[in-house]
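Before any comments, here is the structure.
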Amino acid sequence: MSLSLNQRTTQRWTVAEAVDGCVRHGLEAVGLWREDVAGQGLAQSVKLVRAAGLRVSSLCRGGFLTAGGLPGDEGRRAFARALDDNRRAVDEAAELGAACLVMVVGGLPGVTPGEPLPADLRDTRGAPGAG
């Protein structure tokens with residue numbers, strides 16, 4: 001049987017402490033969080049996980065693409081920042097050998113699923129909210 005510890009369940013543990021906890025308790029994998037990996041440093045996190053013989057079951061989290069749900073230039077800039085962050089998340093997950101990257105997705109504020117976008121969120125130039 002395979003069991004993974006999601007680092008959020010031990011919220012106060014650093015990556016090093018989560019790796020150590022997994023090893024001490026015979027777990028085979030750890031699910032890491034990007035902020036904690038950044039705090040430890042990506043290269044150091046990779047080194048710790050590999051030296052311990054663990055797998056990274058998941059890296060949490062990417063997504064937030066609806067951050068660009070604002071109209072106009074502000075929305076396009078927010079969407080571009082979200083895309084850049086997600087590209088970094090994919091690269092981090094690959095570097096860690098993570099089995100998956102957890103994505104947090106959601107709707108735009110003021111949008112009802114299945115309904116057309118409100119006029120103030122429509123942008124015909126290809127930004128988020130294009131309709």
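Each chain of the structure tokens is named A, B, ... in the order shown, its residues numbered from 1; ligands are numbered from 1 in display order.
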
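Taking only C-alpha atoms, the non-local environment of A:Val30 within 10 Å (same-chain residues fewer than 6 positions away omitted) comprises Leu3, Ser4, Leu5, Asn6, Gln7, Val15, Ala18, Val19, Gly21, Cys22, Val23, Val49, Leu54, Arg55, Val56, Ser57, Ser58, Leu59 and Ala98 of chain A.
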
I need the helix (DSSP H, G or I) residues of stretch 14-111 of chain A per DSSP on the backbone, written as a tab-separated table (two decimals) with C-alpha atoms, in the first residue's frame.
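Now in out27.tsv:
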```
chain	number	residue	atom	x	y	z
A	15	VAL	CA	9.81	20.84	3.50
A	16	ALA	CA	12.75	19.39	5.44
A	17	GLU	CA	10.53	18.53	8.40
A	18	ALA	CA	7.84	17.00	6.16
A	19	VAL	CA	10.44	14.86	4.40
A	20	ASP	CA	11.87	13.77	7.75
A	21	GLY	CA	8.39	12.97	9.07
A	22	CYS	CA	7.61	10.84	6.03
A	23	VAL	CA	10.84	8.91	6.40
A	24	ARG	CA	10.36	8.40	10.17
A	34	ARG	CA	4.73	25.77	-3.59
A	35	GLU	CA	5.13	28.41	-0.88
A	36	ASP	CA	6.98	25.95	1.33
A	37	VAL	CA	9.14	24.77	-1.56
A	38	ALA	CA	9.97	28.41	-2.32
A	39	GLY	CA	10.86	28.96	1.33
A	40	GLN	CA	13.18	25.95	1.34
A	42	LEU	CA	13.50	24.53	-5.16
A	43	ALA	CA	16.94	22.96	-5.60
A	44	GLN	CA	17.23	22.17	-1.89
A	45	SER	CA	13.69	20.71	-1.84
A	46	VAL	CA	14.54	18.44	-4.78
A	47	LYS	CA	17.74	17.36	-3.03
A	48	LEU	CA	15.94	16.59	0.25
A	49	VAL	CA	13.20	14.54	-1.40
A	50	ARG	CA	15.60	12.56	-3.56
A	51	ALA	CA	18.07	11.90	-0.74
A	52	ALA	CA	15.20	10.54	1.36
A	65	LEU	CA	-6.46	31.90	-14.14
A	66	THR	CA	-9.66	33.76	-13.37
A	67	ALA	CA	-7.50	36.44	-11.74
A	68	GLY	CA	-7.66	38.18	-15.09
A	72	GLY	CA	-9.32	45.92	-20.27
A	73	ASP	CA	-5.60	46.30	-19.70
A	74	GLU	CA	-5.80	45.50	-15.99
A	75	GLY	CA	-7.41	42.14	-16.76
A	76	ARG	CA	-4.88	41.32	-19.46
A	77	ARG	CA	-1.98	42.11	-17.11
A	78	ALA	CA	-3.49	40.00	-14.32
A	79	PHE	CA	-4.06	37.12	-16.75
A	80	ALA	CA	-0.46	37.40	-18.05
A	81	ARG	CA	0.84	37.27	-14.45
A	82	ALA	CA	-1.32	34.22	-13.73
A	83	LEU	CA	-0.04	32.48	-16.88
A	84	ASP	CA	3.58	33.22	-15.94
A	85	ASP	CA	3.01	31.87	-12.43
A	86	ASN	CA	1.43	28.70	-13.84
A	87	ARG	CA	4.37	28.17	-16.18
A	88	ARG	CA	6.66	28.40	-13.16
A	89	ALA	CA	4.42	25.93	-11.30
A	90	VAL	CA	4.70	23.42	-14.17
A	91	ASP	CA	8.49	23.82	-14.20
A	92	GLU	CA	8.67	23.39	-10.42
A	93	ALA	CA	6.48	20.27	-10.55
A	94	ALA	CA	8.69	18.81	-13.29
A	95	GLU	CA	11.87	19.57	-11.36
A	96	LEU	CA	10.44	17.87	-8.26
```

Legend entry - Best match for closeness to A:Glu28 among A:Trp13, A:Ser2, A:Pro71, A:Gly41, counting only C-alpha atoms: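 Going through A:Trp13, A:Ser2, A:Pro71, A:Gly41 one by one, the smallest distance to A:Glu28 is for A:Ser2.
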
Inset, instruction - State, in Å with one decimal place, the distance from atom CA of A:Gly53 to atom CA of A:Gly26. - result: 10.9 Å

Legend entry - Point-to-point distance from atom CA of A:Gly31 to atom CA of A:Thr14, Å rounded to tenths: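 Atom CA of A:Thr14 lies at a distance of 12.2 Å from atom CA of A:Gly31.
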
Inset, instruction - To one decimal in Å, tell me the separation between atom CA of A:Ala119 and atom CA of A:Gly62. - result: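 Distance between the two atoms: 28.3 Å.
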
DSSP on the backbone: what in stretch 33-98 of chain A comes out strand (DSSP E or B), as a PDB file with N, CA, C and O atoms, in the first residue's frame?
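For reference, states-v8.pdb as written:
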```pdb
ATOM      1  N   TRP A  33       3.757  21.908  -1.066  1.00  0.00           N
ATOM      2  CA  TRP A  33       3.103  23.173  -1.393  1.00  0.00           C
ATOM      3  C   TRP A  33       4.138  24.152  -1.892  1.00  0.00           C
ATOM      4  O   TRP A  33       5.244  24.249  -1.337  1.00  0.00           O
ATOM      5  N   ARG A  55       8.900   9.945  -3.174  1.00  0.00           N
ATOM      6  CA  ARG A  55       8.266  10.472  -4.392  1.00  0.00           C
ATOM      7  C   ARG A  55       7.493  11.720  -3.998  1.00  0.00           C
ATOM      8  O   ARG A  55       7.031  11.839  -2.866  1.00  0.00           O
ATOM      9  N   VAL A  56       7.331  12.631  -4.935  1.00  0.00           N
ATOM     10  CA  VAL A  56       6.455  13.789  -4.722  1.00  0.00           C
ATOM     11  C   VAL A  56       5.137  13.438  -5.396  1.00  0.00           C
ATOM     12  O   VAL A  56       5.063  13.313  -6.613  1.00  0.00           O
ATOM     13  N   SER A  57       4.110  13.222  -4.585  1.00  0.00           N
ATOM     14  CA  SER A  57       2.807  12.808  -5.119  1.00  0.00           C
ATOM     15  C   SER A  57       2.083  13.969  -5.777  1.00  0.00           C
ATOM     16  O   SER A  57       1.316  13.771  -6.722  1.00  0.00           O
ATOM     17  N   SER A  58       2.334  15.183  -5.284  1.00  0.00           N
ATOM     18  CA  SER A  58       1.665  16.354  -5.857  1.00  0.00           C
ATOM     19  C   SER A  58       2.418  17.612  -5.454  1.00  0.00           C
ATOM     20  O   SER A  58       3.131  17.635  -4.460  1.00  0.00           O
ATOM     21  N   LEU A  59       2.226  18.628  -6.264  1.00  0.00           N
ATOM     22  CA  LEU A  59       2.672  19.970  -5.909  1.00  0.00           C
ATOM     23  C   LEU A  59       1.429  20.834  -5.961  1.00  0.00           C
ATOM     24  O   LEU A  59       0.691  20.836  -6.938  1.00  0.00           O
ATOM     25  N   CYS A  60       1.194  21.539  -4.914  1.00  0.00           N
ATOM     26  CA  CYS A  60      -0.004  22.352  -4.799  1.00  0.00           C
ATOM     27  C   CYS A  60       0.412  23.810  -4.708  1.00  0.00           C
ATOM     28  O   CYS A  60       1.288  24.135  -3.928  1.00  0.00           O
ATOM     29  N   ARG A  61       0.080  24.649  -5.482  1.00  0.00           N
ATOM     30  CA  ARG A  61      -1.010  24.719  -6.374  1.00  0.00           C
ATOM     31  C   ARG A  61      -0.732  25.730  -7.460  1.00  0.00           C
ATOM     32  O   ARG A  61      -0.025  26.703  -7.252  1.00  0.00           O
ATOM     33  N   GLY A  62      -1.337  25.489  -8.571  1.00  0.00           N
ATOM     34  CA  GLY A  62      -1.365  26.423  -9.688  1.00  0.00           C
ATOM     35  C   GLY A  62      -2.809  26.819  -9.898  1.00  0.00           C
ATOM     36  O   GLY A  62      -3.672  26.535  -9.084  1.00  0.00           O
ATOM     37  N   GLY A  63      -3.050  27.466 -11.000  1.00  0.00           N
ATOM     38  CA  GLY A  63      -4.415  27.856 -11.319  1.00  0.00           C
ATOM     39  C   GLY A  63      -4.611  29.346 -11.232  1.00  0.00           C
ATOM     40  O   GLY A  63      -3.762  30.118 -11.689  1.00  0.00           O
TER      41      GLY A  63
END
```

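Among A:Ala99, A:Val111, A:Leu32, A:Leu27, the residue with the shortest atom-to-atom distance to A:Thr10, counting only C-alpha atoms, is A:Leu32.
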